[in-house]
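Scroll down for the structure; my scribbles are underneath it.
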Amino acid sequence: MGAFAADWINLGLRWFHLVVGIAWIGASFHFIWLDFSLRARERMNEGVYGTSWMVHGGGFYHVEKYLVAPANLPPDLHWFKWEAYLTFLSGFGLLIVQYYWNASAFLVDPAVLAMTGPEAVIISVLSLAAGWFVYDALCRSPIGDKTGLLALCVFAMIVGAAILFTHVFSGRGAFIHVGAMVGTIMAANVFRVIIPNQKIITADLLAGRAPDPRYGKIGKQRSLHNNYLTLPVLLFMVSNHYAFLYAHPQSWLVVAFIVLAGGMVRHFLNRVDAGADPKSVAWALPAAAVALIAAIIWTAPRGAAHGAAVSDADVLKITQTHCVMCHAPKPSHEAFKGGEPPKGVMLDTVENIRRHAAQVNAQAVQGRAMPLGNETHMTDEERARLGTWIAQQ
């Protein structure tokens with residue numbers, strides 16, 4: 001029942017995280033587009049910076065944006081914040097259920113760094129907080145006033161964090177922590193900067209003081225950062241399903257390619273939404289394609305070294321030692337005990353190994369994703385023999 005309950009908690013959190021995440025991303029994309037679509041018109045109310053006309057669902061919508069704030073605010077002012085807060089909270093809940101609950105299996109790889117599960121959890125929490133403080137310090141420093149330099153520094157920070165994570169956690173754990181760190185930065189931007197700044201502006205307005213436009217400018221900067229980070233973070237958060245992403249010895253370079261590809265696509269869309277001639281920013285899409293192709297080439301399967309023939313008995317011995325604790329009709333591993341084998345994959349017989357040979361090759365031969373956390377200390381020689389057997393089939 002423990003594994004069954006854990007699966008339902010995981011599923012519930014994942015479903016909730018997906019729903020509120022869609023709401024947050026949708027609002028972010030819409031408001032960035034809305035800002036870029038604003039146009040000055042002949043007749044506008046006092047203080048209005050620009051307006052936008054939209055049609056959706058059979059109706060027409062007219063939106064006005066005030067640079068600072070209107071003279072009077074209605075009592076039913078809506079604040080877009082809970083989408084971000086709930087996305088972060090549900091995401092952190094998933095991190096607890098999926099990774100902290102069985103940290104020794106999902107976060108720790110003795111071949112990378114020998115540590116206990118609790119130690120891995122402590123490092124995880126501290127690293128997520130550190131990511132926010134470093135990013136926030138960059139934005140508040142003189143670098144924050146130079147858009148290009150700040151973008152380069154944030155990019156370097158993310159890649160640097162990826163390098164550190166790959167020297168601390170398992171491949172799967174390292175990749176998910178890049179996504180978790182970026183997601184934490186995005187949520188903290190809303191909680192620590194965007195909403196507080198908006199509250200300062202609102203309080204000044206209600207008190208009859210002239211609001212400082214600097215707070216709105218800072219909030220817009222952080223909102224735009226969130227917009228650019230959205231596409232990369234989405235891929236990082238689903239990376240645990242694709243071993244070829246995180247199994248490479250230099251998977252941090254895959255992180256760099258993903259950030260570049262996602263950022264370039266977002267830049268093209270934002271500039272076109274702002275009214276720029278698509279030809280003037282057409283370079284962004286080929287740049288994104290080059291980054292994506294580079295990631296594909298970097299993660300491509302490497303040819304297996306074919307040595308002496310490996311018998312069925314030999315390969316069965318390898319899987320009995322390293323695989324069947326999870327991949328058996330009745331798993332004995334504590335993470336799956338009493339439940340079903342992961343993804344229904346069973347490796348308890350030669351026939352079953354042959355049936356799932358492609359998955360075994362991807363997860364345990366080409367990559368080091370399996371066994372989980374390399375708990376059984378599977379050697380490179382055993383992986384090579386397993387690959388040789390698969391090549392013989």
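Identifiers in this document derive from the order of the structure tokens: chains are assigned A, B, ..., residues are numbered from 1 separately in each chain, and ligands are numbered from 1 in order of occurrence.
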Please list as a CSV table (one decimal) with N, CA and C atoms, in the first residue's frame every residue within 12 Å of A:His30, counting only C-alpha atoms and excluding residues in the same chain fewer than 6 positions away.
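Saved as selection_21.csv:
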```csv
chain,number,residue,atom,x,y,z
A,22,ILE,N,0.1,25.6,-16.3
A,22,ILE,CA,-0.5,26.1,-17.5
A,22,ILE,C,-1.2,27.5,-17.3
A,23,ALA,N,-1.8,27.7,-16.1
A,23,ALA,CA,-2.5,29.0,-15.8
A,23,ALA,C,-1.4,30.1,-15.7
A,24,TRP,N,-0.3,29.7,-15.0
A,24,TRP,CA,0.8,30.7,-14.9
A,24,TRP,C,1.5,31.1,-16.2
A,36,PHE,N,3.3,44.2,-25.7
A,36,PHE,CA,3.9,44.4,-27.0
A,36,PHE,C,2.8,44.9,-28.0
A,37,SER,N,1.6,44.5,-27.8
A,37,SER,CA,0.5,44.9,-28.7
A,37,SER,C,-0.1,46.2,-28.5
A,54,MET,N,-9.0,43.2,-28.8
A,54,MET,CA,-8.9,41.7,-29.0
A,54,MET,C,-10.2,41.2,-29.2
A,80,PHE,N,-2.5,38.8,-10.3
A,80,PHE,CA,-2.0,37.5,-10.9
A,80,PHE,C,-0.8,37.1,-10.1
A,223,SER,N,9.5,40.1,-14.9
A,223,SER,CA,8.4,39.4,-15.7
A,223,SER,C,8.9,38.9,-17.0
A,224,LEU,N,9.7,39.8,-17.7
A,224,LEU,CA,10.2,39.4,-19.0
A,224,LEU,C,11.3,38.3,-18.8
A,227,ASN,N,9.4,35.1,-18.7
A,227,ASN,CA,8.9,34.8,-20.0
A,227,ASN,C,10.0,34.0,-20.8
A,270,ASN,N,8.6,37.3,-29.2
A,270,ASN,CA,8.4,38.5,-28.5
A,270,ASN,C,8.6,39.7,-29.4
A,273,ASP,N,5.8,40.0,-31.8
A,273,ASP,CA,4.6,40.5,-31.1
A,273,ASP,C,4.7,42.0,-30.9
```
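Of the listed residues A:Ile122, A:Leu18, A:Ile163, A:Ile32, the one whose atoms come nearest to A:Gly91 is A:Leu18, with distances taken using only C-alpha atoms.
Straight-line separation from atom CA of A:Gly117 to atom CA of A:Ile9: 20.6 Å.
All residues of protein, DNA or RNA that reach within 8 Å of A:His267, judged by only C-alpha atoms and not counting those fewer than 3 positions away in the chain, are Tyr228, Gly263, Met264, Asn270, Arg271 and Ala284 of chain A.
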For this session: For A:Gly12, list every protein, DNA or RNA residue within 12 Å, evaluated using only C-alpha atoms, and leave out those in the same chain fewer than 4 positions away; present the list as a ChimeraX atom specification.
Result: /A:5-8,16-19,90-91,93-94,97
Could the residues of stretch 102-143 of chain A that have an atom at most 10 Å from stretch 176-192 of chain A be listed as a Markdown table, each with its closest atom pair and the distance in Å to one decimal, counting only C-alpha atoms and ordered by chain and ascending residue number?
```
| residue | atom | partner | partner_atom | distance |
| --- | --- | --- | --- | --- |
| A:Leu107 | CA | A:Ile176 | CA | 9.7 |
| A:Ser124 | CA | A:His177 | CA | 7.6 |
| A:Val125 | CA | A:Met181 | CA | 9.6 |
| A:Ser127 | CA | A:Met181 | CA | 7.7 |
| A:Leu128 | CA | A:Met181 | CA | 5.0 |
| A:Ala129 | CA | A:Thr184 | CA | 7.9 |
| A:Ala130 | CA | A:Met181 | CA | 8.8 |
| A:Gly131 | CA | A:Met181 | CA | 6.1 |
| A:Trp132 | CA | A:Ile185 | CA | 5.1 |
| A:Phe133 | CA | A:Ile185 | CA | 8.7 |
| A:Val134 | CA | A:Ile185 | CA | 9.8 |
| A:Tyr135 | CA | A:Ile185 | CA | 7.5 |
| A:Asp136 | CA | A:Ile185 | CA | 8.4 |
```
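Minimum atom-to-atom distances from A:Val108, A:Val265, A:Ala84, A:Thr116 to A:Ile195 were compared using only C-alpha atoms, and the lowest value belongs to A:Ala84.
Take atom CA of A:Leu235 and atom CA of A:Ala362: the distance between them is 19.0 Å.
With distances restricted to only C-alpha atoms, A:Ile390 is the closest residue to A:Ala358 from A:Gly47, A:Ile390, A:Pro371, A:Thr376.
One distance worth recording is that between atom CA of A:Asp380 and atom CA of A:Asn361, which is 13.1 Å.
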Exercise. Which polymer residues have any atom within 12 Å of an atom of A:Arg368, counting only C-alpha atoms, with same-chain residues fewer than 6 positions away left out, as a PyMOL selection string?
Worked result: chain A and resi 109-112+170-172+242-249+251+360-362+374-375+377-380+382-384
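Here the residues within stretch 40-101 of chain A that DSSP labels helix (DSSP H, G or I) on the basis of the backbone are A:Trp82, A:Glu83, A:Ala84, A:Tyr85, A:Leu86, A:Thr87, A:Phe88, A:Leu89, A:Ser90, A:Gly91, A:Phe92, A:Gly93, A:Leu94, A:Leu95, A:Ile96, A:Val97, A:Gln98, A:Tyr99, A:Tyr100.
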Write out as a JSON list (two decimals) with C-alpha atoms, in the first residue's frame each polymer residue whose atoms come within 10 Å of A:Trp252, counting only C-alpha atoms; drop sequence neighbours fewer than 5 positions from it.
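Contents of result33.json, freshly written:
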```
[["chain", "number", "residue", "atom", "x", "y", "z"],
["A", 158, "ILE", "CA", 22.52, 28.40, -15.10],
["A", 159, "VAL", "CA", 25.21, 26.49, -16.98],
["A", 160, "GLY", "CA", 27.58, 26.81, -14.01],
["A", 161, "ALA", "CA", 24.91, 25.43, -11.71],
["A", 162, "ALA", "CA", 24.38, 22.53, -14.13],
["A", 163, "ILE", "CA", 28.10, 21.71, -13.99],
["A", 164, "LEU", "CA", 28.03, 21.72, -10.18],
["A", 165, "PHE", "CA", 24.87, 19.59, -10.07],
["A", 166, "THR", "CA", 26.42, 16.96, -12.36],
["A", 171, "GLY", "CA", 22.28, 12.41, -13.87],
["A", 174, "ALA", "CA", 21.20, 16.98, -11.71],
["A", 175, "PHE", "CA", 18.88, 17.79, -14.61],
["A", 178, "VAL", "CA", 18.47, 22.80, -13.04],
["A", 245, "LEU", "CA", 19.19, 14.07, -21.96],
["A", 246, "TYR", "CA", 20.82, 13.57, -18.58],
["A", 257, "PHE", "CA", 21.84, 24.10, -25.75],
["A", 258, "ILE", "CA", 18.32, 23.91, -24.29]]
```
